[in-house]
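Q: Structure provided below as structure tokens; questions to follow.
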Amino acid sequence: MKPIIISGKIGSGKSTLCNLFEKSGYQIINTDLVAKKLIMGKIEIQQKLIKHFEDDVLDNGNISISKLRDILCASKRNKEIIDSIVHPSVFDELHKIINESNDKIIIEIPLIETCNSLKVEYTLVFVNTNREIRQSRYLLDKNSDKDIFNKLDNYQTNTTLSINIADYIITNNDSMDELIIEFNQLYENLKNE
């Protein structure tokens, strides 16, 4: 069975949708967690990040994920540098997981434009949620500030383009009950593919 990618803009409810799939027996792969694990565990990635950002990315001599996020939010150029360092290893790891797994797989990928780095056939689901709801969820869940939300949101592909490239669209502007109804319909559609 080909993997299913869940994508959507920041705060859209990707993880909530992934949790519904997990309850239905799918293995969930969160690319943000894969990236953090690689950043913290792979010396080559750390060396490249330090080469570009020097001590700004370090806390007590170690790579700091929070400092790295601040650097990423500081400019689009910084984001492009970080992505160019981290994404190749993330997608290598994803390919390894997919090749070694016999399970039904869901891959949560926040940046829909990076999905083409996955060199396997997949089904793409986009979680579409209006900006105000996404911002409210992000600020509540991440205990963060509006400025970080705005920067991260602006880095992401526009919603219309995302909708146009997705195989399925889930709208997540209402209650959990409404999301479950949308999930059940999606689940049935995927079983019939």
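Numbering starts fresh at 1 for the residues of each chain in the structure tokens, the chains themselves are lettered A, B, ... in the order given, and ligands are numbered from 1 as they appear.
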Please give the complete set of residues from segment 1-68 of chain A that DSSP, run on the backbone, assigns to strand (DSSP E or B), formatted as an mmCIF file with N, CA, C and O atoms, in the first residue's frame.
A:
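To be explicit, this is the file written out as part-v1.cif:
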data_model
loop_
_atom_site.group_PDB
_atom_site.id
_atom_site.type_symbol
_atom_site.label_atom_id
_atom_site.label_comp_id
_atom_site.auth_asym_id
_atom_site.auth_seq_id
_atom_site.Cartn_x
_atom_site.Cartn_y
_atom_site.Cartn_z
ATOM 1 N N ILE A 4 0.500 7.508 2.719
ATOM 2 C CA ILE A 4 -0.394 8.659 2.659
ATOM 3 C C ILE A 4 0.325 9.815 3.331
ATOM 4 O O ILE A 4 0.800 9.689 4.466
ATOM 5 N N ILE A 5 0.417 10.929 2.630
ATOM 6 C CA ILE A 5 1.018 12.124 3.201
ATOM 7 C C ILE A 5 -0.098 13.028 3.698
ATOM 8 O O ILE A 5 -1.058 13.307 2.987
ATOM 9 N N ILE A 6 0.054 13.484 4.939
ATOM 10 C CA ILE A 6 -0.846 14.483 5.505
ATOM 11 C C ILE A 6 -0.062 15.790 5.552
ATOM 12 O O ILE A 6 0.988 15.870 6.194
ATOM 13 N N SER A 7 -0.558 16.788 4.843
ATOM 14 C CA SER A 7 0.106 18.084 4.829
ATOM 15 C C SER A 7 -0.913 19.173 5.119
ATOM 16 O O SER A 7 -2.121 18.946 5.023
ATOM 17 N N GLY A 8 -0.437 20.328 5.478
ATOM 18 C CA GLY A 8 -1.307 21.456 5.775
ATOM 19 C C GLY A 8 -0.488 22.543 6.418
ATOM 20 O O GLY A 8 0.600 22.300 6.931
ATOM 21 N N GLN A 27 0.766 3.330 10.868
ATOM 22 C CA GLN A 27 2.014 3.794 11.470
ATOM 23 C C GLN A 27 2.167 5.272 11.092
ATOM 24 O O GLN A 27 2.039 5.639 9.931
ATOM 25 N N ILE A 28 2.437 6.121 12.074
ATOM 26 C CA ILE A 28 2.564 7.557 11.833
ATOM 27 C C ILE A 28 4.033 7.952 11.864
ATOM 28 O O ILE A 28 4.754 7.605 12.796
ATOM 29 N N ILE A 29 4.437 8.696 10.842
ATOM 30 C CA ILE A 29 5.791 9.237 10.798
ATOM 31 C C ILE A 29 5.668 10.755 10.745
ATOM 32 O O ILE A 29 5.104 11.308 9.808
ATOM 33 N N ASN A 30 6.165 11.410 11.772
ATOM 34 C CA ASN A 30 6.132 12.866 11.849
ATOM 35 C C ASN A 30 7.495 13.384 11.400
ATOM 36 O O ASN A 30 8.496 13.168 12.072
ATOM 37 N N LEU A 58 24.126 27.346 18.998
ATOM 38 C CA LEU A 58 24.580 26.523 20.129
ATOM 39 C C LEU A 58 24.076 27.044 21.468
ATOM 40 O O LEU A 58 23.907 28.243 21.666
ATOM 41 N N ASP A 59 23.880 26.090 22.379
ATOM 42 C CA ASP A 59 23.573 26.381 23.773
ATOM 43 C C ASP A 59 24.430 25.443 24.605
ATOM 44 O O ASP A 59 24.279 24.226 24.511
ATOM 45 N N ASN A 62 26.121 22.685 22.541
ATOM 46 C CA ASN A 62 25.272 21.740 21.816
ATOM 47 C C ASN A 62 24.281 22.480 20.926
ATOM 48 O O ASN A 62 23.878 23.604 21.235
ATOM 49 N N ILE A 63 23.865 21.808 19.848
ATOM 50 C CA ILE A 63 22.842 22.380 18.976
ATOM 51 C C ILE A 63 21.567 22.592 19.788
ATOM 52 O O ILE A 63 21.147 21.703 20.532
#
Q: Give one line per residue of segment 124-178 of chain A that approaches segment 70-86 of chain A to at most 10 Å, naming the two atoms of the closest pair and their distance in Å to one decimal, counting only C-alpha atoms; sort by chain then ascending residue number and deliver it as CSV.
A:
residue,atom,partner,partner_atom,distance
A:Asp147,CA,A:Cys73,CA,9.1
A:Ile148,CA,A:Cys73,CA,6.8
A:Phe149,CA,A:Cys73,CA,9.4
A:Asn150,CA,A:Cys73,CA,9.4
A:Lys151,CA,A:Cys73,CA,6.0
A:Leu152,CA,A:Cys73,CA,6.7
A:Asn154,CA,A:Lys76,CA,9.4
A:Tyr155,CA,A:Lys76,CA,7.2
Q: From the options A:Leu94, A:Asn130, A:Tyr138, A:Leu33, which residue's atoms come nearest to Asp174 of chain A, counting only C-alpha atoms?
A: A:Asn130
Q: Do you know which residues are at most 12 Å from Tyr122 of chain A counting only C-alpha atoms, after dropping those on the same chain fewer than 4 positions away, and could you put them as a PDB file with all heavy atoms, in the first residue's frame?
A:
ATOM      1  N   MET A   1       0.835  -1.185   0.000  1.00  0.00           N
ATOM      2  CA  MET A   1       0.000   0.000   0.000  1.00  0.00           C
ATOM      3  C   MET A   1       0.880   1.248   0.000  1.00  0.00           C
ATOM      4  O   MET A   1       1.840   1.336   0.753  1.00  0.00           O
ATOM      5  CB  MET A   1      -0.891  -0.016   1.237  1.00  0.00           C
ATOM      6  CG  MET A   1      -1.820   1.152   1.334  1.00  0.00           C
ATOM      7  SD  MET A   1      -2.905   0.969   2.764  1.00  0.00           S
ATOM      8  CE  MET A   1      -4.122   2.168   2.351  1.00  0.00           C
ATOM      9  N   LYS A   2       0.559   2.227  -0.855  1.00  0.00           N
ATOM     10  CA  LYS A   2       1.388   3.422  -0.920  1.00  0.00           C
ATOM     11  C   LYS A   2       1.156   4.297   0.303  1.00  0.00           C
ATOM     12  O   LYS A   2       0.053   4.326   0.864  1.00  0.00           O
ATOM     13  CB  LYS A   2       1.129   4.182  -2.213  1.00  0.00           C
ATOM     14  CG  LYS A   2      -0.275   4.669  -2.431  1.00  0.00           C
ATOM     15  CD  LYS A   2      -0.410   5.283  -3.821  1.00  0.00           C
ATOM     16  CE  LYS A   2      -1.835   5.665  -4.118  1.00  0.00           C
ATOM     17  NZ  LYS A   2      -2.011   6.224  -5.456  1.00  0.00           N
ATOM     18  N   PRO A   3       2.203   5.006   0.739  1.00  0.00           N
ATOM     19  CA  PRO A   3       2.051   5.859   1.918  1.00  0.00           C
ATOM     20  C   PRO A   3       1.082   7.010   1.646  1.00  0.00           C
ATOM     21  O   PRO A   3       0.894   7.434   0.507  1.00  0.00           O
ATOM     22  CB  PRO A   3       3.464   6.373   2.183  1.00  0.00           C
ATOM     23  CG  PRO A   3       4.245   6.119   0.953  1.00  0.00           C
ATOM     24  CD  PRO A   3       3.562   5.032   0.203  1.00  0.00           C
ATOM     25  N   ILE A   4       0.500   7.508   2.719  1.00  0.00           N
ATOM     26  CA  ILE A   4      -0.394   8.659   2.659  1.00  0.00           C
ATOM     27  C   ILE A   4       0.325   9.815   3.331  1.00  0.00           C
ATOM     28  O   ILE A   4       0.800   9.689   4.466  1.00  0.00           O
ATOM     29  CB  ILE A   4      -1.723   8.372   3.372  1.00  0.00           C
ATOM     30  CG1 ILE A   4      -2.437   7.209   2.683  1.00  0.00           C
ATOM     31  CG2 ILE A   4      -2.607   9.613   3.422  1.00  0.00           C
ATOM     32  CD1 ILE A   4      -3.554   6.601   3.498  1.00  0.00           C
ATOM     33  N   ILE A   5       0.417  10.929   2.630  1.00  0.00           N
ATOM     34  CA  ILE A   5       1.018  12.124   3.201  1.00  0.00           C
ATOM     35  C   ILE A   5      -0.098  13.028   3.698  1.00  0.00           C
ATOM     36  O   ILE A   5      -1.058  13.307   2.987  1.00  0.00           O
ATOM     37  CB  ILE A   5       1.872  12.882   2.160  1.00  0.00           C
ATOM     38  CG1 ILE A   5       3.058  12.023   1.735  1.00  0.00           C
ATOM     39  CG2 ILE A   5       2.336  14.220   2.724  1.00  0.00           C
ATOM     40  CD1 ILE A   5       3.886  12.623   0.626  1.00  0.00           C
ATOM     41  N   ILE A   6       0.054  13.484   4.939  1.00  0.00           N
ATOM     42  CA  ILE A   6      -0.846  14.483   5.505  1.00  0.00           C
ATOM     43  C   ILE A   6      -0.062  15.790   5.552  1.00  0.00           C
ATOM     44  O   ILE A   6       0.988  15.870   6.194  1.00  0.00           O
ATOM     45  CB  ILE A   6      -1.309  14.113   6.931  1.00  0.00           C
ATOM     46  CG1 ILE A   6      -1.946  12.725   6.974  1.00  0.00           C
ATOM     47  CG2 ILE A   6      -2.242  15.195   7.487  1.00  0.00           C
ATOM     48  CD1 ILE A   6      -3.220  12.572   6.202  1.00  0.00           C
ATOM     49  N   HIS A  95      12.618   7.307   3.228  1.00  0.00           N
ATOM     50  CA  HIS A  95      12.699   6.198   2.269  1.00  0.00           C
ATOM     51  C   HIS A  95      13.076   4.894   2.959  1.00  0.00           C
ATOM     52  O   HIS A  95      12.517   3.840   2.656  1.00  0.00           O
ATOM     53  CB  HIS A  95      13.688   6.527   1.144  1.00  0.00           C
ATOM     54  CG  HIS A  95      13.162   7.547   0.185  1.00  0.00           C
ATOM     55  ND1 HIS A  95      13.703   8.799   0.068  1.00  0.00           N
ATOM     56  CD2 HIS A  95      12.122   7.505  -0.678  1.00  0.00           C
ATOM     57  CE1 HIS A  95      13.023   9.479  -0.834  1.00  0.00           C
ATOM     58  NE2 HIS A  95      12.051   8.718  -1.301  1.00  0.00           N
ATOM     59  N   ILE A  98       9.994   3.640   4.897  1.00  0.00           N
ATOM     60  CA  ILE A  98       8.988   3.111   3.969  1.00  0.00           C
ATOM     61  C   ILE A  98       9.410   1.751   3.431  1.00  0.00           C
ATOM     62  O   ILE A  98       8.616   0.808   3.388  1.00  0.00           O
ATOM     63  CB  ILE A  98       8.743   4.099   2.808  1.00  0.00           C
ATOM     64  CG1 ILE A  98       8.033   5.355   3.329  1.00  0.00           C
ATOM     65  CG2 ILE A  98       7.925   3.455   1.690  1.00  0.00           C
ATOM     66  CD1 ILE A  98       8.052   6.516   2.348  1.00  0.00           C
ATOM     67  N   LYS A 104       0.669   0.062   7.119  1.00  0.00           N
ATOM     68  CA  LYS A 104       0.068   1.182   6.418  1.00  0.00           C
ATOM     69  C   LYS A 104       0.687   2.433   7.035  1.00  0.00           C
ATOM     70  O   LYS A 104       0.704   2.578   8.259  1.00  0.00           O
ATOM     71  CB  LYS A 104      -1.453   1.184   6.613  1.00  0.00           C
ATOM     72  CG  LYS A 104      -2.123  -0.091   6.108  1.00  0.00           C
ATOM     73  CD  LYS A 104      -3.622  -0.063   6.342  1.00  0.00           C
ATOM     74  CE  LYS A 104      -3.930  -0.210   7.811  1.00  0.00           C
ATOM     75  NZ  LYS A 104      -5.356  -0.356   8.124  1.00  0.00           N
ATOM     76  N   ILE A 105       1.221   3.312   6.199  1.00  0.00           N
ATOM     77  CA  ILE A 105       2.010   4.436   6.691  1.00  0.00           C
ATOM     78  C   ILE A 105       1.336   5.767   6.383  1.00  0.00           C
ATOM     79  O   ILE A 105       0.889   6.011   5.268  1.00  0.00           O
ATOM     80  CB  ILE A 105       3.420   4.427   6.055  1.00  0.00           C
ATOM     81  CG1 ILE A 105       4.190   3.179   6.482  1.00  0.00           C
ATOM     82  CG2 ILE A 105       4.200   5.677   6.430  1.00  0.00           C
ATOM     83  CD1 ILE A 105       5.549   3.063   5.834  1.00  0.00           C
ATOM     84  N   ILE A 106       1.341   6.639   7.401  1.00  0.00           N
ATOM     85  CA  ILE A 106       0.956   8.039   7.268  1.00  0.00           C
ATOM     86  C   ILE A 106       2.210   8.864   7.538  1.00  0.00           C
ATOM     87  O   ILE A 106       2.894   8.642   8.545  1.00  0.00           O
ATOM     88  CB  ILE A 106      -0.127   8.437   8.304  1.00  0.00           C
ATOM     89  CG1 ILE A 106      -1.408   7.637   8.096  1.00  0.00           C
ATOM     90  CG2 ILE A 106      -0.377   9.946   8.271  1.00  0.00           C
ATOM     91  CD1 ILE A 106      -2.184   7.995   6.863  1.00  0.00           C
ATOM     92  N   ILE A 107       2.506   9.790   6.647  1.00  0.00           N
ATOM     93  CA  ILE A 107       3.663  10.676   6.835  1.00  0.00           C
ATOM     94  C   ILE A 107       3.146  12.101   6.962  1.00  0.00           C
ATOM     95  O   ILE A 107       2.511  12.622   6.047  1.00  0.00           O
ATOM     96  CB  ILE A 107       4.657  10.583   5.661  1.00  0.00           C
ATOM     97  CG1 ILE A 107       5.071   9.134   5.413  1.00  0.00           C
ATOM     98  CG2 ILE A 107       5.870  11.475   5.925  1.00  0.00           C
ATOM     99  CD1 ILE A 107       5.875   8.928   4.143  1.00  0.00           C
ATOM    100  N   CYS A 115       7.044  17.502  -0.742  1.00  0.00           N
ATOM    101  CA  CYS A 115       6.557  16.138  -0.980  1.00  0.00           C
ATOM    102  C   CYS A 115       7.199  15.500  -2.208  1.00  0.00           C
ATOM    103  O   CYS A 115       7.387  14.283  -2.252  1.00  0.00           O
ATOM    104  CB  CYS A 115       5.040  16.124  -1.123  1.00  0.00           C
ATOM    105  SG  CYS A 115       4.179  16.532   0.403  1.00  0.00           S
ATOM    106  N   ASN A 116       7.543  16.317  -3.205  1.00  0.00           N
ATOM    107  CA  ASN A 116       8.154  15.744  -4.413  1.00  0.00           C
ATOM    108  C   ASN A 116       9.543  15.176  -4.154  1.00  0.00           C
ATOM    109  O   ASN A 116      10.112  14.521  -5.016  1.00  0.00           O
ATOM    110  CB  ASN A 116       8.157  16.758  -5.568  1.00  0.00           C
ATOM    111  CG  ASN A 116       8.950  18.008  -5.244  1.00  0.00           C
ATOM    112  OD1 ASN A 116       9.551  18.126  -4.187  1.00  0.00           O
ATOM    113  ND2 ASN A 116       8.915  18.955  -6.154  1.00  0.00           N
ATOM    114  N   SER A 117      10.097  15.407  -2.966  1.00  0.00           N
ATOM    115  CA  SER A 117      11.371  14.776  -2.605  1.00  0.00           C
ATOM    116  C   SER A 117      11.185  13.309  -2.230  1.00  0.00           C
ATOM    117  O   SER A 117      12.148  12.569  -2.111  1.00  0.00           O
ATOM    118  CB  SER A 117      12.028  15.512  -1.440  1.00  0.00           C
ATOM    119  OG  SER A 117      12.374  16.820  -1.824  1.00  0.00           O
ATOM    120  N   LEU A 118       9.947  12.909  -2.023  1.00  0.00           N
ATOM    121  CA  LEU A 118       9.645  11.517  -1.716  1.00  0.00           C
ATOM    122  C   LEU A 118       9.555  10.757  -3.034  1.00  0.00           C
ATOM    123  O   LEU A 118       8.668  11.009  -3.835  1.00  0.00           O
ATOM    124  CB  LEU A 118       8.319  11.445  -0.953  1.00  0.00           C
ATOM    125  CG  LEU A 118       8.073  10.237  -0.077  1.00  0.00           C
ATOM    126  CD1 LEU A 118       9.178  10.064   0.942  1.00  0.00           C
ATOM    127  CD2 LEU A 118       6.738  10.380   0.627  1.00  0.00           C
ATOM    128  N   ALA A 166      -3.195  18.503  -4.155  1.00  0.00           N
ATOM    129  CA  ALA A 166      -3.603  17.427  -3.250  1.00  0.00           C
ATOM    130  C   ALA A 166      -4.568  16.461  -3.932  1.00  0.00           C
ATOM    131  O   ALA A 166      -5.344  16.842  -4.804  1.00  0.00           O
ATOM    132  CB  ALA A 166      -4.248  18.017  -2.002  1.00  0.00           C
ATOM    133  N   ASP A 167      -4.503  15.201  -3.514  1.00  0.00           N
ATOM    134  CA  ASP A 167      -5.452  14.190  -3.975  1.00  0.00           C
ATOM    135  C   ASP A 167      -6.779  14.303  -3.222  1.00  0.00           C
ATOM    136  O   ASP A 167      -7.840  14.028  -3.774  1.00  0.00           O
ATOM    137  CB  ASP A 167      -4.877  12.784  -3.778  1.00  0.00           C
ATOM    138  CG  ASP A 167      -3.605  12.571  -4.585  1.00  0.00           C
ATOM    139  OD1 ASP A 167      -3.650  12.773  -5.811  1.00  0.00           O
ATOM    140  OD2 ASP A 167      -2.566  12.232  -3.975  1.00  0.00           O
ATOM    141  N   TYR A 168      -6.699  14.666  -1.944  1.00  0.00           N
ATOM    142  CA  TYR A 168      -7.882  14.822  -1.094  1.00  0.00           C
ATOM    143  C   TYR A 168      -7.720  16.071  -0.240  1.00  0.00           C
ATOM    144  O   TYR A 168      -6.604  16.408   0.171  1.00  0.00           O
ATOM    145  CB  TYR A 168      -8.061  13.612  -0.159  1.00  0.00           C
ATOM    146  CG  TYR A 168      -8.335  12.320  -0.874  1.00  0.00           C
ATOM    147  CD1 TYR A 168      -7.303  11.437  -1.169  1.00  0.00           C
ATOM    148  CD2 TYR A 168      -9.630  11.984  -1.259  1.00  0.00           C
ATOM    149  CE1 TYR A 168      -7.551  10.245  -1.832  1.00  0.00           C
ATOM    150  CE2 TYR A 168      -9.893  10.794  -1.921  1.00  0.00           C
ATOM    151  CZ  TYR A 168      -8.848   9.933  -2.208  1.00  0.00           C
ATOM    152  OH  TYR A 168      -9.101   8.761  -2.872  1.00  0.00           O
ATOM    153  N   LEU A 190     -10.065   6.095   0.727  1.00  0.00           N
ATOM    154  CA  LEU A 190      -8.717   5.512   0.635  1.00  0.00           C
ATOM    155  C   LEU A 190      -8.787   3.988   0.560  1.00  0.00           C
ATOM    156  O   LEU A 190      -7.988   3.365  -0.143  1.00  0.00           O
ATOM    157  CB  LEU A 190      -7.858   5.962   1.812  1.00  0.00           C
ATOM    158  CG  LEU A 190      -7.495   7.441   1.828  1.00  0.00           C
ATOM    159  CD1 LEU A 190      -6.879   7.827   3.166  1.00  0.00           C
ATOM    160  CD2 LEU A 190      -6.540   7.770   0.689  1.00  0.00           C
ATOM    161  N   GLU A 193      -9.363   2.865  -3.016  1.00  0.00           N
ATOM    162  CA  GLU A 193      -8.384   3.199  -4.067  1.00  0.00           C
ATOM    163  C   GLU A 193      -7.777   1.945  -4.647  1.00  0.00           C
ATOM    164  O   GLU A 193      -7.557   0.975  -4.004  1.00  0.00           O
ATOM    165  CB  GLU A 193      -7.266   4.087  -3.492  1.00  0.00           C
ATOM    166  CG  GLU A 193      -7.603   5.530  -3.521  1.00  0.00           C
ATOM    167  CD  GLU A 193      -6.377   6.415  -3.258  1.00  0.00           C
ATOM    168  OE1 GLU A 193      -5.272   5.921  -3.006  1.00  0.00           O
ATOM    169  OE2 GLU A 193      -6.558   7.626  -3.334  1.00  0.00           O
TER     170      GLU A 193
END
Q: Just the residues within 12 Å of Ser162 of chain A, please, counting only C-alpha atoms, with nothing from its chain fewer than 6 positions along; format it as a list in words.
A: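 Selected residues are Ile6, Ser7, Gly8, Lys9, Pro110, Leu111, Ile112, Glu113, Thr114, Cys115, Leu124, Val125, Phe126, Val127, Asn128, Thr129, Gln156, Tyr168, Ile169 and Ile170 of chain A.
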Q: Which residue, A:Leu139, A:His52, A:Thr123, A:Ser15, has the smallest gap to Ile165 of chain A when you use only C-alpha atoms?
A: A:Thr123
Q: Need to verify the contact set: Leu20 of chain A, 12 Å, only C-alpha atoms, exclusion of same-chain residues closer than 4 positions in sequence. Can you return it as a CSV table (one decimal) with all heavy atoms, in the first residue's frame?
A:
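Here's the written file selection00.csv:
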chain,number,residue,atom,x,y,z
A,6,ILE,N,0.1,13.5,4.9
A,6,ILE,CA,-0.8,14.5,5.5
A,6,ILE,C,-0.1,15.8,5.6
A,6,ILE,O,1.0,15.9,6.2
A,6,ILE,CB,-1.3,14.1,6.9
A,6,ILE,CG1,-1.9,12.7,7.0
A,6,ILE,CG2,-2.2,15.2,7.5
A,6,ILE,CD1,-3.2,12.6,6.2
A,13,GLY,N,-4.2,21.2,11.9
A,13,GLY,CA,-4.8,20.0,12.5
A,13,GLY,C,-4.2,18.7,11.9
A,13,GLY,O,-4.8,17.7,12.0
A,14,LYS,N,-3.0,18.8,11.3
A,14,LYS,CA,-2.4,17.6,10.7
A,14,LYS,C,-2.2,16.5,11.8
A,14,LYS,O,-2.5,15.4,11.5
A,14,LYS,CB,-1.0,18.0,10.1
A,14,LYS,CG,-1.1,19.0,9.0
A,14,LYS,CD,0.3,19.3,8.5
A,14,LYS,CE,1.2,20.0,9.5
A,14,LYS,NZ,0.8,21.4,9.9
A,15,SER,N,-1.7,16.9,12.9
A,15,SER,CA,-1.4,15.9,14.0
A,15,SER,C,-2.7,15.2,14.5
A,15,SER,O,-2.7,14.0,14.7
A,15,SER,CB,-0.6,16.5,15.1
A,15,SER,OG,0.6,16.9,14.7
A,16,THR,N,-3.7,16.0,14.6
A,16,THR,CA,-5.0,15.5,15.0
A,16,THR,C,-5.5,14.5,14.0
A,16,THR,O,-6.0,13.4,14.4
A,16,THR,CB,-6.1,16.6,15.2
A,16,THR,OG1,-5.5,17.6,16.1
A,16,THR,CG2,-7.4,16.1,15.7
A,24,SER,N,-6.7,3.9,13.7
A,24,SER,CA,-7.2,2.9,12.6
A,24,SER,C,-6.1,2.0,12.2
A,24,SER,O,-6.3,1.3,11.1
A,24,SER,CB,-7.8,3.7,11.5
A,24,SER,OG,-8.9,4.5,11.9
A,25,GLY,N,-5.0,1.9,12.9
A,25,GLY,CA,-4.0,1.0,12.6
A,25,GLY,C,-2.8,1.4,11.7
A,25,GLY,O,-2.0,0.6,11.3
A,26,TYR,N,-2.7,2.7,11.4
A,26,TYR,CA,-1.6,3.2,10.6
A,26,TYR,C,-0.4,3.5,11.5
A,26,TYR,O,-0.5,4.0,12.6
A,26,TYR,CB,-2.1,4.5,9.9
A,26,TYR,CG,-2.9,4.2,8.7
A,26,TYR,CD1,-4.3,3.9,8.8
A,26,TYR,CD2,-2.4,4.3,7.4
A,26,TYR,CE1,-5.1,3.7,7.7
A,26,TYR,CE2,-3.2,4.1,6.3
A,26,TYR,CZ,-4.6,3.8,6.4
A,26,TYR,OH,-5.3,3.6,5.3
A,27,GLN,N,0.8,3.3,10.9
A,27,GLN,CA,2.0,3.8,11.5
A,27,GLN,C,2.2,5.3,11.1
A,27,GLN,O,2.0,5.6,9.9
A,27,GLN,CB,3.2,3.0,10.9
A,27,GLN,CG,4.5,3.5,11.4
A,27,GLN,CD,5.7,2.8,10.7
A,27,GLN,OE1,5.5,1.9,9.9
A,27,GLN,NE2,6.9,3.3,11.0
A,28,ILE,N,2.4,6.1,12.1
A,28,ILE,CA,2.6,7.6,11.8
A,28,ILE,C,4.0,8.0,11.9
A,28,ILE,O,4.8,7.6,12.8
A,28,ILE,CB,1.8,8.4,12.9
A,28,ILE,CG1,0.3,7.9,13.0
A,28,ILE,CG2,1.9,9.9,12.6
A,28,ILE,CD1,-0.5,8.0,11.8
A,106,ILE,N,1.3,6.6,7.4
A,106,ILE,CA,1.0,8.0,7.3
A,106,ILE,C,2.2,8.9,7.5
A,106,ILE,O,2.9,8.6,8.5
A,106,ILE,CB,-0.1,8.4,8.3
A,106,ILE,CG1,-1.4,7.6,8.1
A,106,ILE,CG2,-0.4,9.9,8.3
A,106,ILE,CD1,-2.2,8.0,6.9
A,176,MET,N,-14.4,18.8,16.5
A,176,MET,CA,-13.8,17.5,16.4
A,176,MET,C,-14.8,16.5,15.8
A,176,MET,O,-14.4,15.6,15.0
A,176,MET,CB,-13.3,17.0,17.8
A,176,MET,CG,-12.5,15.7,17.7
A,176,MET,SD,-11.0,15.9,16.8
A,176,MET,CE,-10.3,14.3,16.8
A,177,ASP,N,-16.1,16.6,16.1
A,177,ASP,CA,-17.1,15.7,15.5
A,177,ASP,C,-17.1,15.9,14.0
A,177,ASP,O,-17.2,14.9,13.3
A,177,ASP,CB,-18.5,16.0,16.1
A,177,ASP,CG,-18.6,15.5,17.6
A,177,ASP,OD1,-17.8,14.7,18.0
A,177,ASP,OD2,-19.5,16.0,18.3
A,179,LEU,N,-14.6,16.9,12.1
A,179,LEU,CA,-13.4,16.4,11.6
A,179,LEU,C,-13.5,14.8,11.5
A,179,LEU,O,-13.0,14.2,10.5
A,179,LEU,CB,-12.2,16.8,12.4
A,179,LEU,CG,-10.8,16.2,12.0
A,179,LEU,CD1,-10.5,16.7,10.6
A,179,LEU,CD2,-9.7,16.6,12.9
A,180,ILE,N,-14.1,14.2,12.5
A,180,ILE,CA,-14.2,12.7,12.5
A,180,ILE,C,-15.1,12.3,11.3
A,180,ILE,O,-14.8,11.3,10.6
A,180,ILE,CB,-14.8,12.2,13.8
A,180,ILE,CG1,-13.7,12.4,14.9
A,180,ILE,CG2,-15.3,10.8,13.7
A,180,ILE,CD1,-14.2,12.1,16.3
A,181,ILE,N,-16.2,13.1,11.0
A,181,ILE,CA,-17.0,12.8,9.8
A,181,ILE,C,-16.2,12.9,8.6
A,181,ILE,O,-16.3,12.0,7.7
A,181,ILE,CB,-18.2,13.7,9.8
A,181,ILE,CG1,-19.2,13.4,10.9
A,181,ILE,CG2,-18.9,13.7,8.4
A,181,ILE,CD1,-20.3,14.5,11.2
A,182,GLU,N,-15.4,13.9,8.4
A,182,GLU,CA,-14.5,14.1,7.2
A,182,GLU,C,-13.5,13.0,7.2
A,182,GLU,O,-13.2,12.4,6.1
A,182,GLU,CB,-13.8,15.5,7.3
A,182,GLU,CG,-14.7,16.6,7.1
A,182,GLU,CD,-14.3,17.5,5.9
A,182,GLU,OE1,-13.4,17.2,5.1
A,182,GLU,OE2,-14.9,18.6,5.9
A,183,PHE,N,-12.9,12.6,8.3
A,183,PHE,CA,-12.0,11.5,8.4
A,183,PHE,C,-12.6,10.2,7.9
A,183,PHE,O,-12.0,9.5,7.1
A,183,PHE,CB,-11.4,11.3,9.8
A,183,PHE,CG,-10.7,10.0,9.9
A,183,PHE,CD1,-9.4,9.9,9.4
A,183,PHE,CD2,-11.3,9.0,10.6
A,183,PHE,CE1,-8.7,8.6,9.5
A,183,PHE,CE2,-10.6,7.7,10.7
A,183,PHE,CZ,-9.3,7.6,10.2
A,184,ASN,N,-13.8,9.9,8.4
A,184,ASN,CA,-14.5,8.6,8.0
A,184,ASN,C,-14.7,8.6,6.5
A,184,ASN,O,-14.5,7.5,5.9
A,184,ASN,CB,-15.8,8.5,8.8
A,184,ASN,CG,-15.5,8.2,10.3
A,184,ASN,OD1,-14.5,7.6,10.7
A,184,ASN,ND2,-16.5,8.5,11.1
A,186,LEU,N,-12.9,10.2,4.2
A,186,LEU,CA,-11.6,10.0,3.6
A,186,LEU,C,-11.1,8.6,3.7
A,186,LEU,O,-10.6,8.0,2.8
A,186,LEU,CB,-10.6,11.0,4.3
A,186,LEU,CG,-9.1,10.8,3.9
A,186,LEU,CD1,-8.9,11.1,2.4
A,186,LEU,CD2,-8.3,11.7,4.7
A,187,TYR,N,-11.3,8.0,4.9
A,187,TYR,CA,-10.9,6.6,5.2
A,187,TYR,C,-11.6,5.7,4.2
A,187,TYR,O,-10.9,4.8,3.6
A,187,TYR,CB,-11.2,6.3,6.6
A,187,TYR,CG,-10.6,4.9,7.1
A,187,TYR,CD1,-9.3,4.8,7.3
A,187,TYR,CD2,-11.4,3.8,7.2
A,187,TYR,CE1,-8.7,3.6,7.8
A,187,TYR,CE2,-10.9,2.6,7.6
A,187,TYR,CZ,-9.6,2.5,7.9
A,187,TYR,OH,-9.0,1.3,8.3
Q: Using DSSP on the backbone coordinates, identify the residues of segment 72-190 of chain A assigned to helix (DSSP H, G or I); present them as number ranges by chain.
A: A: 72-74, 76-100, 112-117, 131-142, 146-155, 159-165, 176-190
Q: Tell me which of A:Thr157, A:Gly11, A:Lys119, A:Arg69 sits closest to Asp56 of chain A, counting only C-alpha atoms.
A: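 Looking at the shortest contact to Asp56 of chain A, the residue is A:Arg69.
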Q: My list of candidates is A:Lys146, A:Arg134, A:Lys96, A:Lys48. Which is closest to Ile10 of chain A when distances are computed with only C-alpha atoms?
A: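 So, comparing all the options, the nearest one is A:Arg134.
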Q: To one decimal place, how far is atom CA of Asn99 of chain A from atom CA of Ile65 of chain A in Å?
A: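 Between these atoms lies a distance of 28.5 Å.
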